[in-house]
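First up is the structure itself, then whatever we jot down about it.
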Amino acid sequence: MIILNIIENSVSNEIVIKNSRFICYLYNVESEDDVKKYLNDISIKHKDSTHVTYAYRLLNKQKYFDDGEPGGTAGAPIMEVILKNDLVNVLAVVVRYFGGIKLGAGGLIRAYSKAVKEALILTNIKLYEIYNLYEIKANYENLKLLNNMTSKYKIKSKDFSDDIVYVIEVKNEDDDVLETFKNTSLNVKKTIKI
């Protein structure tokens, strides 16, 4: 079983190495649109910086970028910290203001890694849990049955129109919905996994 983690809150932290400033920003992201928005915001905020490097990992994609630093000395070490911590849905951006002293490839790798590691200390890391969503449909005669059957689940929404439709959320590892509702008159449909 693969264990994945997420960061609970966004943080930023700055370290200085041989007069160069390395400012790390960590964000919890759900999509590439989130990534683009944060990168755009940082690029505007730090338009006078020397480099804006980053790495991100979503459930279905991961990418890193060196922004002019020698290949593999910025984005790759950032990604390595993300992978070693089994993080997902995370964007790590490290902004560098050059301080006049060259660090060399090894020094850059250590600096970018350290910037992310120290920022991670400031946030909470928690287990990434997968949830399944189910749409449960009933007619009004079965409202009591519907309420009884869904009482142990987290109800995300209720819709009362021609039929009654509840959407419930269930942790993937606790998912017994199809079995629980198998012999009832309620119509159950799995919608998505989040």
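Residues in the structure tokens are numbered from 1 in each chain, the chains being A, B, ... in the order shown, and ligands are numbered from 1 in the order shown.
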
Closest contacts (range 6-100 of chain A/range 116-137 of chain A, max 12 Å, only C-alpha atoms) as a tab-separated table:
residue	atom	partner	partner_atom	distance
A:Ile6	CA	A:Lys126	CA	5.6
A:Ile7	CA	A:Ile125	CA	4.6
A:Glu8	CA	A:Asn124	CA	5.3
A:Asn9	CA	A:Thr123	CA	6.0
A:Ser10	CA	A:Thr123	CA	7.1
A:Val11	CA	A:Thr123	CA	6.4
A:Ser12	CA	A:Ala119	CA	6.2
A:Asn13	CA	A:Ala119	CA	5.3
A:Glu14	CA	A:Ala119	CA	8.1
A:Ile15	CA	A:Glu118	CA	8.4
A:Val16	CA	A:Glu118	CA	11.9
A:Phe22	CA	A:Val116	CA	9.4
A:Ile23	CA	A:Val116	CA	8.9
A:Cys24	CA	A:Val116	CA	6.0
A:Tyr25	CA	A:Ala119	CA	7.3
A:Leu26	CA	A:Ala119	CA	7.2
A:Tyr27	CA	A:Thr123	CA	10.0
A:Asn28	CA	A:Thr123	CA	10.6
A:Thr53	CA	A:Val116	CA	11.4
A:Tyr54	CA	A:Val116	CA	10.1
A:Ala55	CA	A:Val116	CA	10.4
A:Leu58	CA	A:Tyr128	CA	11.7
A:Leu59	CA	A:Tyr128	CA	10.6
A:Ala74	CA	A:Val116	CA	10.8
A:Gly75	CA	A:Val116	CA	10.9
A:Ala76	CA	A:Val116	CA	11.8
A:Pro77	CA	A:Val116	CA	9.0
A:Ile78	CA	A:Val116	CA	6.5
A:Met79	CA	A:Val116	CA	9.4
A:Glu80	CA	A:Val116	CA	9.9
A:Val81	CA	A:Lys117	CA	6.9
A:Ile82	CA	A:Val116	CA	8.5
A:Leu83	CA	A:Lys117	CA	11.8
A:Lys84	CA	A:Lys117	CA	10.4
A:Asn85	CA	A:Ile125	CA	8.9
A:Asp86	CA	A:Leu127	CA	9.5
A:Leu87	CA	A:Ile125	CA	8.4
A:Val88	CA	A:Tyr128	CA	7.8
A:Asn89	CA	A:Tyr128	CA	9.1
A:Val90	CA	A:Ile125	CA	10.9
A:Leu91	CA	A:Val116	CA	10.5
A:Ala92	CA	A:Val116	CA	7.1
A:Val93	CA	A:Val116	CA	8.4
A:Val94	CA	A:Val116	CA	7.6
A:Val95	CA	A:Val116	CA	10.9

Once you have the residues from the selection above, write them out as a short mmCIF file (atom, residue, chain, number, x, y, z; two decimals), in the first residue's frame, restricted to N, CA and C atoms.
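Listed below is the output, result.cif:
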data_model
loop_
_atom_site.label_atom_id
_atom_site.label_comp_id
_atom_site.auth_asym_id
_atom_site.auth_seq_id
_atom_site.Cartn_x
_atom_site.Cartn_y
_atom_site.Cartn_z
N ILE A 6 0.15 15.03 2.74
CA ILE A 6 -0.06 16.39 2.26
C ILE A 6 0.39 17.36 3.34
N ILE A 7 0.66 18.59 2.91
CA ILE A 7 0.94 19.62 3.92
C ILE A 7 -0.39 20.22 4.30
N GLU A 8 -0.52 20.56 5.57
CA GLU A 8 -1.79 21.05 6.08
C GLU A 8 -1.99 22.54 5.83
N ASN A 9 -0.90 23.30 5.81
CA ASN A 9 -1.03 24.74 5.63
C ASN A 9 0.16 25.27 4.81
N SER A 10 -0.08 26.37 4.12
CA SER A 10 0.97 27.01 3.33
C SER A 10 1.92 27.76 4.25
N VAL A 11 3.20 27.73 3.92
CA VAL A 11 4.21 28.42 4.72
C VAL A 11 5.28 29.02 3.82
N SER A 12 6.06 29.92 4.40
CA SER A 12 7.25 30.42 3.71
C SER A 12 8.37 30.54 4.73
N ASN A 13 9.59 30.43 4.24
CA ASN A 13 10.76 30.51 5.11
C ASN A 13 11.95 30.98 4.29
N GLU A 14 12.83 31.72 4.90
CA GLU A 14 14.01 32.23 4.21
C GLU A 14 15.27 31.75 4.91
N ILE A 15 16.25 31.33 4.10
CA ILE A 15 17.58 31.02 4.62
C ILE A 15 18.59 31.84 3.80
N VAL A 16 19.75 32.10 4.38
CA VAL A 16 20.81 32.82 3.69
C VAL A 16 22.05 31.94 3.69
N PHE A 22 17.53 32.47 -0.09
CA PHE A 22 16.68 31.42 -0.63
C PHE A 22 15.36 31.46 0.14
N ILE A 23 14.30 31.85 -0.54
CA ILE A 23 12.99 31.96 0.10
C ILE A 23 12.11 30.83 -0.43
N CYS A 24 11.70 29.95 0.48
CA CYS A 24 10.88 28.80 0.08
C CYS A 24 9.42 29.05 0.44
N TYR A 25 8.55 28.76 -0.51
CA TYR A 25 7.11 28.80 -0.31
C TYR A 25 6.56 27.39 -0.54
N LEU A 26 5.75 26.92 0.39
CA LEU A 26 5.09 25.61 0.23
C LEU A 26 3.59 25.84 0.17
N TYR A 27 2.94 25.23 -0.81
CA TYR A 27 1.49 25.37 -0.98
C TYR A 27 0.84 24.00 -1.14
N ASN A 28 -0.34 23.86 -0.57
CA ASN A 28 -1.19 22.71 -0.82
C ASN A 28 -1.97 23.04 -2.08
N THR A 53 12.64 28.96 -8.84
CA THR A 53 12.67 27.53 -9.15
C THR A 53 11.53 26.84 -8.41
N TYR A 54 11.13 25.69 -8.91
CA TYR A 54 10.02 25.01 -8.24
C TYR A 54 9.97 23.53 -8.58
N ALA A 55 9.15 22.84 -7.80
CA ALA A 55 8.76 21.46 -8.08
C ALA A 55 7.35 21.29 -7.54
N LEU A 58 1.34 16.36 -8.08
CA LEU A 58 -0.08 16.08 -7.95
C LEU A 58 -0.25 14.56 -8.02
N LEU A 59 -1.46 14.08 -7.85
CA LEU A 59 -1.68 12.63 -7.95
C LEU A 59 -1.32 12.10 -9.33
N ALA A 74 18.53 22.72 -8.91
CA ALA A 74 17.49 23.46 -8.17
C ALA A 74 16.19 22.66 -8.12
N GLY A 75 15.53 22.52 -9.26
CA GLY A 75 14.24 21.82 -9.30
C GLY A 75 14.32 20.37 -8.85
N ALA A 76 15.36 19.66 -9.29
CA ALA A 76 15.51 18.25 -8.92
C ALA A 76 15.70 18.06 -7.41
N PRO A 77 16.56 18.84 -6.74
CA PRO A 77 16.68 18.67 -5.29
C PRO A 77 15.39 19.04 -4.55
N ILE A 78 14.66 20.01 -5.06
CA ILE A 78 13.36 20.36 -4.46
C ILE A 78 12.42 19.16 -4.57
N MET A 79 12.36 18.57 -5.77
CA MET A 79 11.51 17.40 -5.99
C MET A 79 11.94 16.24 -5.11
N GLU A 80 13.23 16.08 -4.92
CA GLU A 80 13.74 14.98 -4.10
C GLU A 80 13.21 15.08 -2.66
N VAL A 81 13.15 16.29 -2.11
CA VAL A 81 12.61 16.48 -0.76
C VAL A 81 11.12 16.12 -0.74
N ILE A 82 10.40 16.53 -1.78
CA ILE A 82 8.97 16.21 -1.88
C ILE A 82 8.78 14.69 -1.89
N LEU A 83 9.56 14.00 -2.72
CA LEU A 83 9.42 12.54 -2.84
C LEU A 83 9.85 11.81 -1.57
N LYS A 84 10.92 12.26 -0.92
CA LYS A 84 11.37 11.60 0.31
C LYS A 84 10.36 11.72 1.44
N ASN A 85 9.54 12.77 1.39
CA ASN A 85 8.50 12.96 2.41
C ASN A 85 7.15 12.41 1.96
N ASP A 86 7.13 11.71 0.81
CA ASP A 86 5.90 11.11 0.26
C ASP A 86 4.78 12.13 0.13
N LEU A 87 5.14 13.35 -0.27
CA LEU A 87 4.14 14.42 -0.39
C LEU A 87 3.44 14.39 -1.75
N VAL A 88 2.18 14.76 -1.72
CA VAL A 88 1.38 14.88 -2.93
C VAL A 88 0.54 16.14 -2.79
N ASN A 89 0.05 16.65 -3.91
CA ASN A 89 -0.72 17.90 -3.93
C ASN A 89 0.05 19.02 -3.25
N VAL A 90 1.31 19.14 -3.65
CA VAL A 90 2.19 20.14 -3.05
C VAL A 90 2.97 20.87 -4.14
N LEU A 91 3.15 22.16 -3.91
CA LEU A 91 4.02 22.99 -4.75
C LEU A 91 5.07 23.59 -3.83
N ALA A 92 6.33 23.40 -4.18
CA ALA A 92 7.44 24.02 -3.44
C ALA A 92 8.16 24.96 -4.40
N VAL A 93 8.18 26.24 -4.05
CA VAL A 93 8.85 27.25 -4.86
C VAL A 93 10.00 27.81 -4.04
N VAL A 94 11.18 27.89 -4.65
CA VAL A 94 12.31 28.51 -3.96
C VAL A 94 12.80 29.67 -4.84
N VAL A 95 12.72 30.86 -4.27
CA VAL A 95 13.16 32.08 -4.93
C VAL A 95 14.58 32.36 -4.46
#

Skip Ile109 in chain A itself and residues of its chain fewer than 2 positions away, then list as number ranges by chain all residues within 10 Å of it, counting only C-alpha atoms. A: 70, 72-78, 103-107, 111-114

Would you please give, as a ChimeraX atom specification, all residues of range 20-139 of chain A that DSSP assigns to alpha helix (DSSP H) based on the backbone? /A:32-45,75-84,104-121

Expected file: the selected residues, N, CA and C atoms, as a tab-separated table (two decimals), in the first residue's frame:
chain	number	residue	atom	x	y	z
A	32	GLU	N	-3.24	21.80	-11.63
A	32	GLU	CA	-2.24	22.61	-12.32
A	32	GLU	C	-2.66	24.07	-12.36
A	33	ASP	N	-3.95	24.34	-12.35
A	33	ASP	CA	-4.41	25.73	-12.28
A	33	ASP	C	-3.96	26.39	-10.98
A	34	ASP	N	-4.05	25.65	-9.87
A	34	ASP	CA	-3.55	26.17	-8.58
A	34	ASP	C	-2.05	26.47	-8.69
A	35	VAL	N	-1.31	25.55	-9.28
A	35	VAL	CA	0.14	25.71	-9.44
A	35	VAL	C	0.43	26.99	-10.23
A	36	LYS	N	-0.25	27.15	-11.37
A	36	LYS	CA	-0.03	28.34	-12.22
A	36	LYS	C	-0.34	29.62	-11.48
A	37	LYS	N	-1.42	29.62	-10.70
A	37	LYS	CA	-1.80	30.82	-9.96
A	37	LYS	C	-0.71	31.21	-8.95
A	38	TYR	N	-0.25	30.24	-8.15
A	38	TYR	CA	0.78	30.53	-7.15
A	38	TYR	C	2.09	30.95	-7.80
A	39	LEU	N	2.48	30.27	-8.90
A	39	LEU	CA	3.72	30.64	-9.59
A	39	LEU	C	3.63	32.06	-10.14
A	40	ASN	N	2.47	32.42	-10.69
A	40	ASN	CA	2.27	33.77	-11.20
A	40	ASN	C	2.38	34.80	-10.07
A	41	ASP	N	1.73	34.52	-8.94
A	41	ASP	CA	1.78	35.43	-7.79
A	41	ASP	C	3.22	35.63	-7.31
A	42	ILE	N	3.98	34.54	-7.24
A	42	ILE	CA	5.36	34.63	-6.75
A	42	ILE	C	6.24	35.38	-7.75
A	43	SER	N	6.02	35.12	-9.03
A	43	SER	CA	6.81	35.81	-10.06
A	43	SER	C	6.60	37.32	-9.99
A	44	ILE	N	5.37	37.73	-9.72
A	44	ILE	CA	5.07	39.16	-9.58
A	44	ILE	C	5.71	39.71	-8.31
A	45	LYS	N	5.53	38.99	-7.21
A	45	LYS	CA	6.05	39.44	-5.91
A	45	LYS	C	7.58	39.54	-5.93
A	75	GLY	N	15.53	22.52	-9.26
A	75	GLY	CA	14.24	21.82	-9.30
A	75	GLY	C	14.32	20.37	-8.85
A	76	ALA	N	15.36	19.66	-9.29
A	76	ALA	CA	15.51	18.25	-8.92
A	76	ALA	C	15.70	18.06	-7.41
A	77	PRO	N	16.56	18.84	-6.74
A	77	PRO	CA	16.68	18.67	-5.29
A	77	PRO	C	15.39	19.04	-4.55
A	78	ILE	N	14.66	20.01	-5.06
A	78	ILE	CA	13.36	20.36	-4.46
A	78	ILE	C	12.42	19.16	-4.57
A	79	MET	N	12.36	18.57	-5.77
A	79	MET	CA	11.51	17.40	-5.99
A	79	MET	C	11.94	16.24	-5.11
A	80	GLU	N	13.23	16.08	-4.92
A	80	GLU	CA	13.74	14.98	-4.10
A	80	GLU	C	13.21	15.08	-2.66
A	81	VAL	N	13.15	16.29	-2.11
A	81	VAL	CA	12.61	16.48	-0.76
A	81	VAL	C	11.12	16.12	-0.74
A	82	ILE	N	10.40	16.53	-1.78
A	82	ILE	CA	8.97	16.21	-1.88
A	82	ILE	C	8.78	14.69	-1.89
A	83	LEU	N	9.56	14.00	-2.72
A	83	LEU	CA	9.42	12.54	-2.84
A	83	LEU	C	9.85	11.81	-1.57
A	84	LYS	N	10.92	12.26	-0.92
A	84	LYS	CA	11.37	11.60	0.31
A	84	LYS	C	10.36	11.72	1.44
A	104	GLY	N	28.56	26.73	-6.61
A	104	GLY	CA	28.92	25.47	-7.27
A	104	GLY	C	27.72	24.53	-7.28
A	105	ALA	N	27.79	23.49	-8.09
A	105	ALA	CA	26.67	22.56	-8.23
A	105	ALA	C	26.28	21.91	-6.90
A	106	GLY	N	27.25	21.40	-6.18
A	106	GLY	CA	26.97	20.75	-4.90
A	106	GLY	C	26.36	21.72	-3.89
A	107	GLY	N	26.89	22.93	-3.86
A	107	GLY	CA	26.37	23.95	-2.95
A	107	GLY	C	24.94	24.34	-3.28
A	108	LEU	N	24.63	24.44	-4.57
A	108	LEU	CA	23.26	24.77	-4.98
A	108	LEU	C	22.29	23.66	-4.59
A	109	ILE	N	22.70	22.43	-4.85
A	109	ILE	CA	21.83	21.29	-4.50
A	109	ILE	C	21.53	21.29	-3.00
A	110	ARG	N	22.58	21.48	-2.19
A	110	ARG	CA	22.39	21.52	-0.73
A	110	ARG	C	21.52	22.71	-0.31
A	111	ALA	N	21.73	23.86	-0.93
A	111	ALA	CA	20.97	25.07	-0.56
A	111	ALA	C	19.49	24.92	-0.88
A	112	TYR	N	19.17	24.44	-2.08
A	112	TYR	CA	17.76	24.29	-2.46
A	112	TYR	C	17.08	23.22	-1.61
A	113	SER	N	17.79	22.13	-1.34
A	113	SER	CA	17.24	21.08	-0.47
A	113	SER	C	16.98	21.62	0.93
A	114	LYS	N	17.95	22.33	1.46
A	114	LYS	CA	17.84	22.86	2.82
A	114	LYS	C	16.68	23.86	2.93
A	115	ALA	N	16.50	24.69	1.91
A	115	ALA	CA	15.41	25.67	1.93
A	115	ALA	C	14.06	24.97	2.08
A	116	VAL	N	13.85	23.89	1.34
A	116	VAL	CA	12.58	23.17	1.39
A	116	VAL	C	12.45	22.41	2.71
A	117	LYS	N	13.51	21.74	3.13
A	117	LYS	CA	13.46	20.98	4.40
A	117	LYS	C	13.12	21.89	5.57
A	118	GLU	N	13.72	23.07	5.61
A	118	GLU	CA	13.45	23.98	6.73
A	118	GLU	C	12.04	24.55	6.67
A	119	ALA	N	11.51	24.77	5.48
A	119	ALA	CA	10.12	25.23	5.36
A	119	ALA	C	9.15	24.13	5.80
A	120	LEU	N	9.49	22.87	5.48
A	120	LEU	CA	8.62	21.75	5.88
A	120	LEU	C	8.47	21.64	7.39
A	121	ILE	N	9.49	22.05	8.12
A	121	ILE	CA	9.43	22.00	9.58
A	121	ILE	C	8.31	22.92	10.11

Using only C-alpha atoms, determine which residues lie at most 7 Å from Lys158 in chain A, disregarding the query and same-chain residues fewer than 3 positions distant; provide the list as a list in words. Val165, Tyr166 and Val167 of chain A

Among chain A, which ones does DSSP place in strand (DSSP E or B), written as number ranges by chain? A: 5-7, 11-17, 20-28, 51-57, 62-65, 87, 90-97, 125-127, 131-138, 154-160, 164-171, 187-193
